[in-house]
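Visitor: I have a structure I would like to understand better, so I am pasting it below and will then ask my questions one at a time.
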Number of protein chains: 2
Amino acid sequence: MNAEIVAIGSELLLGQIVDTNSAWMAQRLADLGVNLFYKTVVGDNPDRMLEITNRAMERSDLVITSGGLGPTQDDLTREIVARAANRDLVMDPELLAQIEARFRSRGMIMTENNNRQAMIPEGAIPVTNPNGTAPSFIVEDPRAVVYCLPGVPFEMKWLFDNELVPYLRGKFGLSDSIYSRVLKISDLGESGVDDLVGHLIANSVNPTVGVLAHPGQVDVRITAKSASREEADELIAPLEEEVRELLGGHVFGVDNETLPQVLGKLLRSRGLTVASYEGLTGGVIAQQLQDAGEELFLQGTVGRQPGVLKSVLSAADESSLSLDRLMGDGAALADGLAAGVRAQTGAALGLAVHSVPEGAKPTENLNPGHTYISVSSAGGTWRRQYNFAGPGLPDRTRTALNALDLLRVTILQDRYRA
Amino acid sequence: MNAEIVAIGSELLLGQIVDTNSAWMAQRLADLGVNLFYKTVVGDNPDRMLEITNRAMERSDLVITSGGLGPTQDDLTREIVARAANRDLVMDPELLAQIEARFRSRGMIMTENNNRQAMIPEGAIPVTNPNGTAPSFIVEDPRAVVYCLPGVPFEMKWLFDNELVPYLRGKFGLSDSIYSRVLKISDLGESGVDDLVGHLIANSVNPTVGVLAHPGQVDVRITAKSASREEADELIAPLEEEVRELLGGHVFGVDNETLPQVLGKLLRSRGLTVASYEGLTGGVIAQQLQDAGEELFLQGTVGRQPGVLKSVLSAADESSLSLDRLMGDGAALADGLAAGVRAQTGAALGLAVHSVPEGAKPTENLNPGHTYISVSSAGGTWRRQYNFAGPGLPDRTRTALNALDLLRVTILQDRYRA
């Protein structure tokens with residue numbers, strides 16, 4: 001069964017509202033195993049609404065509309081769906097009674113225009129909306145089933161889960177659902193992932209493999225269509241193993257796990273604490289470490305002024321090195337700062353991220369635009385170096401995730417032990 | 001001129017991503033006075049992409065696509081737009097050279113699949129994307145102009161403002177436009193703003209007045225439709241004055257100004273520096289102060305462990321107060337920490353934000369769920385106290401903006417002077 005969403009409302013085309021309804025419905029439909037092939041947004045204009053509704057009814061089995069069911073003049077969904085289905089618009093006495101009762105119970109006077117909300121296309125199945133005055137209805141046309149929902153998110157969601165889903169299960173005998181397994185990848189870009197698993201994307205059918213890039217991380221999603229979670233797991237398992245083999249230690253977690261969560265678990269399981277220094281990222285690393293677990297995060301220091309650098313460096317042996325010299329050596333400065341925050345706080349792990357601004361003067365040991373990430377531990381100092389292109393600041397989220405990833409790998413590979 | 005947006009990507013139809021790009025573009029097009037009649041989302045499927053692209057080219061003058069320009073197998077926009085416009089797909093040597101240079105400068109190896117990104121429909125106008133490898137291009141077909149943008153929000157927005165808008169002005173000679181003036185409001189919620197300016201919203205026509213709430217701030221937008229910026233300014237000015245009178249010192253800025261920018265200007269104009277302590281906000285305040293101006297921001301300290309608190313407090317006279325006592329007095333602890341970071345760094349202003357977790361034991365001087373914001377200065381200590389409802393962490397952004405606002409007001413009212 002192929003479904004299509006039509007979101008109605010000029011406010012959606014003026015950018016005053018982000019259409020979160022559609023994404024919510026899309027996810028629900030995916031979980032139900034319903035193919036969603038199109039989402040269209042159209043304004044409160046009768047001709048364009050009719051065109052879109054007709055088009056949707058031609059190419060899809062199920063058309064879900066949201067919005068345009070209110071009492072005002074520009075709420076046109078009732079009229080347009082009736083025209084698309086070649087039906088008259090009629091007053092539904094039961095809906096009218098419900099709306100009247102709703103107004104009475106709230107001590108409000110029902111204005112004339114609210115009558116319009118009780119009109120539905122002739123022969124349509126009315127659906128009671130317990131959370132608002134705009135009723136929902138279903139038109140079973142030979143071309144397609146049209147299910148009209150209100151646009152208010154709270155009302156729409158209730159009706160979707162409590163009315164639309166049971167209706168679909170009954171009407172279309174839905175059995176298959178879609179199940180996914182997401183592998184979360186760090187320290188590897190989208191094209192790097194594609195190089196390693198691209199052949200699986202191209203050649204897989206059920207399950208399918210897809211790649212989605214976020215700043216600083218990539219998701220590899222394995223999706224199976226099947227009658228049960230158990231069956232899906234069996235389908236997914238061999239492909240997951242294959243992807244894991246290809247991507248190795250870059251897989252840091254699964255499904256909804258975040259890198260801070262994964263790092264928090266690791267730190268906790270080994271009884272480790274962490275402290276951080278950061279410059280251009282401005283506090284994003286502290287934030288993520290606090291998300292990892294605030295009892296594990298002893299202190300975060302943020303700032304790029306010489307005073308901060310000196311006070312952090314002076315806590316460690318690196319105080320013997322002059323700041324002037326270190327300013328010309330990005331890697332040594334990051335190492336010194338990592339040792340400094342570790343010494344200052346007594347944390348097991350010190351993390352420092354030093355980004356050299358694009359405009360800095362390059363030297364033998366200093367690359368403008370480069371970011372040096374150091375982890376100081378009893379087992380030694382571990383470092384990564386990145387060049388994030390782009391003007392001005394490095395991408396803060398990406399830098400922070402890469403820094404957390406270095407912590408993760410240092411712990412996982414037991415490199416932190418003396 | 002009628003425009004249409006086509007957002008491409010199966011992830012948008014699986015509900016994995018909320019399509020914020022479209023709302024952003026819609027708002028920009030509205031500001032330009034371009035009619036946007038449809039937005040369509042379609043997955044990475046060649047047949048359906050072709051159908052949608054053809055349909056859009058039939059009914060609209062301008063089709064803006066976003067997404068599907070990446071290096072992977074399922075990035076099909078290039079191919080489909082070429083087919084819809086009846087053109088071959090050809091390698092653009094200049095784009096290829098740009099992509100190669102980009103990889104070189106980042107010290108990365110360019111894989112085979114990145115070559116695909118230099119392919120564009122024959123005769124298309126290539127548009128350089130300085131923020132990513134996916135180039136943008138324009139196809140001027142007799143049916144419609146198709147402008148293809150990448151889906152990555154940061155890249156899309158830059159290209160939209162710096163390439164697409166100038167192109168549209170030249171190509172379509174846009175004249176009547178919508179002009180807006182946005183007044184940015186702090187320390188007042190949406191309903192508070194509505195209480196003060198609600199009558200203007202209800203009664204204004206051209207210009208109109210609208211209110212839009214964000215976490216921690218509210219926008220009051222005055223919008224005029226006219227032939228020129230000058231004419232619009234004349235229409236907007238009296239209404240702006242009225243709104244400013246009603247909202248007073250809550251108006252912190254205009255248009256795209258952010259609170260960090262406004263604060264940065266203020267600090268700079270008075271030659272002031274700032275240092276910060278924060279707990280539950282985890283680094284968001286440091287981030288915003290760094291955005292205000294990193295040369296003004298001497299140090300940010302993040303963390304809630306006793307060690308951090310003690311080391312900050314010990315820098316100021318407040319060391320005489322025991323931490324145990326202060327832990328039971330939210331306001332005194334915030335004051336002590338603000339004085340501490342100021343003494344530690346020699347900053348003119350010390351900012352401390354102490355949030356009491358919801359689960360804390362209430363005392364006479366400690367309200368669980370409350371946030372205490374203190375500014376320490378030569379002119380004394382100034383404090384605000386908020387109760388942000390909701391479980392767990394306070395809203396970090398809102399807390400940070402309120403903290404920055406207290407700094408702003410302290411400076412504006414000259415309360416920082418000895």
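Order determines the names: the first chain of the structure tokens is A, the second B, and so forth; residues in each chain are numbered 1 upward, and ligands are numbered 1 upward as they are shown.
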Go through region 3-234 of chain A and collect every residue that DSSP, computed from the backbone, puts in helix (DSSP H, G or I); the answer should be as a VMD selection string.
Guide: chain A and resid 10 to 13 20 to 32 46 to 59 77 to 84 93 to 105 112 to 118 153 to 172 190 to 203 229 to 234
Visitor: Using only C-alpha atoms, find each residue of chain A with at least one atom at most 7 Å away from an atom of chain B; report its shortest atom-to-atom pair and that distance in Å (one decimal), sort the rows by chain and rising residue number, and return the result as JSON lines.
Guide:
{"residue": "A:Leu13", "atom": "CA", "partner": "B:Ala26", "partner_atom": "CA", "distance": 5.6}
{"residue": "A:Leu14", "atom": "CA", "partner": "B:Ala26", "partner_atom": "CA", "distance": 5.2}
{"residue": "A:Gly15", "atom": "CA", "partner": "B:Ala23", "partner_atom": "CA", "distance": 4.2}
{"residue": "A:Gln16", "atom": "CA", "partner": "B:Gln27", "partner_atom": "CA", "distance": 6.8}
{"residue": "A:Ile17", "atom": "CA", "partner": "B:Ala23", "partner_atom": "CA", "distance": 6.7}
{"residue": "A:Val18", "atom": "CA", "partner": "B:Ala23", "partner_atom": "CA", "distance": 5.4}
{"residue": "A:Thr20", "atom": "CA", "partner": "B:Val18", "partner_atom": "CA", "distance": 6.1}
{"residue": "A:Ala23", "atom": "CA", "partner": "B:Gly15", "partner_atom": "CA", "distance": 4.3}
{"residue": "A:Trp24", "atom": "CA", "partner": "B:Gly15", "partner_atom": "CA", "distance": 6.0}
{"residue": "A:Ala26", "atom": "CA", "partner": "B:Gly15", "partner_atom": "CA", "distance": 4.6}
{"residue": "A:Gln27", "atom": "CA", "partner": "B:Gly15", "partner_atom": "CA", "distance": 4.2}
{"residue": "A:Ala30", "atom": "CA", "partner": "B:Leu14", "partner_atom": "CA", "distance": 5.7}
{"residue": "A:Leu36", "atom": "CA", "partner": "B:Leu13", "partner_atom": "CA", "distance": 6.2}
{"residue": "A:Phe37", "atom": "CA", "partner": "B:Val42", "partner_atom": "CA", "distance": 6.2}
{"residue": "A:Tyr38", "atom": "CA", "partner": "B:Val42", "partner_atom": "CA", "distance": 5.1}
{"residue": "A:Lys39", "atom": "CA", "partner": "B:Val41", "partner_atom": "CA", "distance": 4.9}
{"residue": "A:Thr40", "atom": "CA", "partner": "B:Thr40", "partner_atom": "CA", "distance": 4.3}
{"residue": "A:Val41", "atom": "CA", "partner": "B:Lys39", "partner_atom": "CA", "distance": 4.9}
{"residue": "A:Val42", "atom": "CA", "partner": "B:Tyr38", "partner_atom": "CA", "distance": 5.0}
{"residue": "A:Gly43", "atom": "CA", "partner": "B:Phe37", "partner_atom": "CA", "distance": 6.4}
{"residue": "A:Ser191", "atom": "CA", "partner": "B:Pro71", "partner_atom": "CA", "distance": 6.8}
{"residue": "A:Asp194", "atom": "CA", "partner": "B:Thr72", "partner_atom": "CA", "distance": 6.6}
{"residue": "A:Ala202", "atom": "CA", "partner": "B:Gln73", "partner_atom": "CA", "distance": 6.9}
{"residue": "A:Gly282", "atom": "CA", "partner": "B:Gln287", "partner_atom": "CA", "distance": 4.4}
{"residue": "A:Gly283", "atom": "CA", "partner": "B:Gly283", "partner_atom": "CA", "distance": 4.2}
{"residue": "A:Val284", "atom": "CA", "partner": "B:Gly283", "partner_atom": "CA", "distance": 6.1}
{"residue": "A:Ala286", "atom": "CA", "partner": "B:Gly283", "partner_atom": "CA", "distance": 5.5}
{"residue": "A:Gln287", "atom": "CA", "partner": "B:Gly282", "partner_atom": "CA", "distance": 4.4}
{"residue": "A:Gln290", "atom": "CA", "partner": "B:Gly282", "partner_atom": "CA", "distance": 6.1}
{"residue": "A:Phe297", "atom": "CA", "partner": "B:Gly303", "partner_atom": "CA", "distance": 7.0}
{"residue": "A:Leu298", "atom": "CA", "partner": "B:Gln305", "partner_atom": "CA", "distance": 5.9}
{"residue": "A:Gln299", "atom": "CA", "partner": "B:Gly303", "partner_atom": "CA", "distance": 4.8}
{"residue": "A:Gly300", "atom": "CA", "partner": "B:Val302", "partner_atom": "CA", "distance": 4.6}
{"residue": "A:Thr301", "atom": "CA", "partner": "B:Thr301", "partner_atom": "CA", "distance": 4.8}
{"residue": "A:Val302", "atom": "CA", "partner": "B:Gly300", "partner_atom": "CA", "distance": 4.6}
{"residue": "A:Gly303", "atom": "CA", "partner": "B:Gln299", "partner_atom": "CA", "distance": 4.8}
{"residue": "A:Gln305", "atom": "CA", "partner": "B:Leu298", "partner_atom": "CA", "distance": 5.9}
{"residue": "A:Val308", "atom": "CA", "partner": "B:Gln299", "partner_atom": "CA", "distance": 6.3}
{"residue": "A:Asn387", "atom": "CA", "partner": "B:Arg106", "partner_atom": "CA", "distance": 5.7}
{"residue": "A:Ala389", "atom": "CA", "partner": "B:Arg106", "partner_atom": "CA", "distance": 6.6}
{"residue": "A:Gly390", "atom": "CA", "partner": "B:Asn131", "partner_atom": "CA", "distance": 6.1}
Visitor: Could you give the C-alpha RMSD in Å for chain B superposed on chain A, pairing all atoms in order?
Guide: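 Answer to one decimal place: 6.1 Å.
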Visitor: Can you list, as a PyMOL selection string, every residue of region 304-417 of chain A that DSSP puts in strand (DSSP E)?
Guide: chain A and resi 349-355+370-377+380-387
Visitor: If we count only C-alpha atoms, what is near Glu241 (chain A) at a cut-off of 12 Å, once residues fewer than 4 positions away on the same chain are taken out, given as an MDAnalysis selection string?
Guide: chainID A and resid 181 183 197 222 233:237 245:248 251
Visitor: May I have the residues from that selection written out with C-alpha atoms, as a PDB file, in the first residue's frame?
Guide:
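Saved the output as again.pdb:
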ATOM      1  CA  ARG A 181      18.902  -1.166  13.181  1.00  0.00           C
ATOM      2  CA  LEU A 183      24.844   1.672  13.522  1.00  0.00           C
ATOM      3  CA  VAL A 197      29.834  -0.181   2.601  1.00  0.00           C
ATOM      4  CA  ILE A 222      19.729  -1.446   8.096  1.00  0.00           C
ATOM      5  CA  ASP A 233      16.288  -9.271  13.662  1.00  0.00           C
ATOM      6  CA  GLU A 234      17.148 -12.491  11.863  1.00  0.00           C
ATOM      7  CA  LEU A 235      17.178 -10.711   8.527  1.00  0.00           C
ATOM      8  CA  ILE A 236      19.242  -7.823   9.874  1.00  0.00           C
ATOM      9  CA  ALA A 237      21.844  -9.803  11.883  1.00  0.00           C
ATOM     10  CA  GLU A 245      33.391  -5.959  10.050  1.00  0.00           C
ATOM     11  CA  LEU A 246      33.852  -3.356   7.346  1.00  0.00           C
ATOM     12  CA  LEU A 247      33.656  -0.352   9.678  1.00  0.00           C
ATOM     13  CA  GLY A 248      35.440  -1.865  12.699  1.00  0.00           C
ATOM     14  CA  VAL A 251      30.961   1.810  15.079  1.00  0.00           C
TER      15      VAL A 251
END
Visitor: Need the shell around Ser186 (chain A): protein/DNA/RNA residues with any atom at most 12 Å away, counting only C-alpha atoms. Skip same-chain ones fewer than 2 positions apart. Format as a JSON list (two decimals) with C-alpha atoms, in the first residue's frame?
Guide:
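Listing of around-v8.json after writing:
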[["chain", "number", "residue", "atom", "x", "y", "z"],
["A", 183, "LEU", "CA", 24.84, 1.67, 13.52],
["A", 184, "LYS", "CA", 26.41, 4.94, 14.67],
["A", 188, "LEU", "CA", 34.75, 8.70, 9.35],
["A", 189, "GLY", "CA", 32.94, 10.96, 6.86],
["A", 190, "GLU", "CA", 30.01, 10.07, 4.63],
["A", 192, "GLY", "CA", 34.55, 7.27, 3.76],
["A", 193, "VAL", "CA", 31.60, 5.17, 4.95],
["A", 213, "ALA", "CA", 25.40, 12.00, 7.62],
["A", 214, "HIS", "CA", 25.15, 14.28, 10.63],
["A", 215, "PRO", "CA", 27.79, 16.78, 11.77],
["A", 216, "GLY", "CA", 30.62, 14.67, 13.16],
["A", 217, "GLN", "CA", 28.90, 11.33, 12.76],
["A", 218, "VAL", "CA", 27.26, 9.05, 10.24],
["A", 219, "ASP", "CA", 24.35, 6.65, 10.63],
["A", 220, "VAL", "CA", 24.26, 3.36, 8.75],
["A", 247, "LEU", "CA", 33.66, -0.35, 9.68],
["A", 248, "GLY", "CA", 35.44, -1.87, 12.70],
["A", 249, "GLY", "CA", 36.04, 0.45, 15.64],
["A", 250, "HIS", "CA", 34.26, 3.31, 13.89],
["A", 251, "VAL", "CA", 30.96, 1.81, 15.08],
["A", 252, "PHE", "CA", 30.49, 3.48, 18.45],
["A", 253, "GLY", "CA", 26.87, 2.62, 19.19],
["A", 254, "VAL", "CA", 23.48, 1.50, 17.94],
["A", 258, "THR", "CA", 24.70, 9.04, 21.48],
["A", 259, "LEU", "CA", 28.46, 9.35, 21.75],
["A", 260, "PRO", "CA", 28.19, 11.09, 25.17],
["A", 262, "VAL", "CA", 28.45, 5.58, 25.13],
["A", 398, "ARG", "CA", 32.05, 17.96, 14.83],
["A", 399, "THR", "CA", 35.14, 18.92, 16.79],
["A", 400, "ALA", "CA", 33.49, 17.99, 20.08],
["A", 401, "LEU", "CA", 32.38, 14.60, 18.79],
["A", 402, "ASN", "CA", 35.85, 13.88, 17.46],
["A", 403, "ALA", "CA", 37.31, 14.80, 20.85],
["A", 404, "LEU", "CA", 34.88, 12.51, 22.65],
["A", 405, "ASP", "CA", 35.70, 9.79, 20.16],
["A", 406, "LEU", "CA", 39.40, 10.00, 21.00],
["A", 408, "ARG", "CA", 36.32, 6.53, 23.70],
["A", 409, "VAL", "CA", 39.07, 4.87, 21.68]]
Visitor: Have a look at CA of Arg169 (chain A) and CA of Leu62 (chain A) and let me know their distance in Å, one decimal.
Guide: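 For CA of Arg169 (chain A) relative to CA of Leu62 (chain A), the distance reads 12.6 Å.
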Visitor: What's the 12 Å shell around region 116-124 of chain A, counting only C-alpha atoms, without same-chain residues fewer than 6 positions away, as a VMD selection string?
Guide: chain A and resid 68 to 100 110 132 to 141 145 to 148 150
Visitor: Any chance you can output those residues with C-alpha atoms as a CSV table (one decimal), in the first residue's frame?
Guide:
chain,number,residue,atom,x,y,z
A,68,GLY,CA,-7.9,23.0,6.7
A,69,LEU,CA,-10.7,21.6,8.9
A,70,GLY,CA,-11.2,24.6,11.1
A,71,PRO,CA,-14.2,27.0,11.2
A,72,THR,CA,-12.8,29.9,9.2
A,73,GLN,CA,-13.3,30.9,5.6
A,74,ASP,CA,-9.9,29.6,4.5
A,75,ASP,CA,-10.5,26.1,5.9
A,76,LEU,CA,-11.3,24.4,2.6
A,77,THR,CA,-10.4,20.8,3.0
A,78,ARG,CA,-14.0,19.6,3.4
A,79,GLU,CA,-15.1,21.3,0.2
A,80,ILE,CA,-12.1,20.3,-1.9
A,81,VAL,CA,-12.1,16.6,-0.9
A,82,ALA,CA,-15.9,16.5,-1.6
A,83,ARG,CA,-15.2,18.0,-5.1
A,84,ALA,CA,-12.3,15.6,-5.8
A,85,ALA,CA,-14.5,12.7,-4.8
A,86,ASN,CA,-17.5,14.1,-6.8
A,87,ARG,CA,-19.7,14.3,-3.8
A,88,ASP,CA,-21.9,16.9,-2.2
A,89,LEU,CA,-21.1,18.4,1.1
A,90,VAL,CA,-23.7,17.5,3.7
A,91,MET,CA,-24.4,18.3,7.3
A,92,ASP,CA,-23.7,15.4,9.6
A,93,PRO,CA,-26.3,15.7,12.5
A,94,GLU,CA,-24.2,13.6,14.9
A,95,LEU,CA,-21.1,15.7,14.3
A,96,LEU,CA,-23.2,18.9,14.8
A,97,ALA,CA,-24.5,17.6,18.1
A,98,GLN,CA,-21.0,16.8,19.2
A,99,ILE,CA,-19.7,20.2,18.4
A,100,GLU,CA,-22.7,21.9,20.1
A,110,MET,CA,-21.2,28.5,19.3
A,132,GLY,CA,-11.0,19.8,19.4
A,133,THR,CA,-14.0,21.0,17.4
A,134,ALA,CA,-12.6,20.1,14.0
A,135,PRO,CA,-13.9,16.6,13.2
A,136,SER,CA,-12.0,14.1,11.1
A,137,PHE,CA,-13.5,12.1,8.3
A,138,ILE,CA,-12.7,9.3,5.8
A,139,VAL,CA,-13.7,9.2,2.1
A,140,GLU,CA,-13.5,5.8,0.5
A,141,ASP,CA,-13.2,6.7,-3.1
A,145,VAL,CA,-8.9,6.3,0.6
A,146,VAL,CA,-8.7,9.9,1.8
A,147,TYR,CA,-8.3,10.4,5.5
A,148,CYS,CA,-8.6,14.0,6.6
A,150,PRO,CA,-6.9,18.3,11.7
Visitor: Find the spatial neighbours of Met57 (chain B), counting only C-alpha atoms, within a cut-off of 8 Å - ignore same-chain residues fewer than 2 positions away - and output them as a compact mmCIF listing (two decimals) with C-alpha atoms, in the first residue's frame.
Guide:
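That gives us around_5.txt:
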# COMPACT_ATOMS: atom_id res chain seq x y z
CA THR B 53 10.35 17.38 -11.20
CA ASN B 54 8.36 17.35 -14.43
CA ARG B 55 5.16 18.32 -12.67
CA ARG B 59 3.22 24.47 -13.07
CA SER B 60 5.91 26.78 -11.62
CA ASP B 61 8.34 29.37 -12.98
CA LEU B 62 11.04 28.50 -10.48
CA VAL B 63 11.75 25.09 -9.01
CA ARG B 143 9.40 25.36 -18.92
CA ALA B 144 11.02 26.64 -15.71
CA VAL B 145 14.26 27.59 -14.05
CA VAL B 146 15.48 24.72 -11.87
Visitor: Need to verify the contact set: Asp324 (chain B), 12 Å, only C-alpha atoms, exclusion of same-chain residues closer than 5 positions in sequence. Can you return it as a list in words?
Guide: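 With the cut-off at 12 Å, the set is Pro306, Leu309, Lys310, Ser319, Asp329, Gly330, Ala332 and Leu333 of chain B.
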Visitor: How many Å lie between CA of Ala316 (chain A) and CA of Tyr372 (chain A), rounded to one decimal?
Guide: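 Separation between CA of Ala316 (chain A) and CA of Tyr372 (chain A): 18.4 Å.
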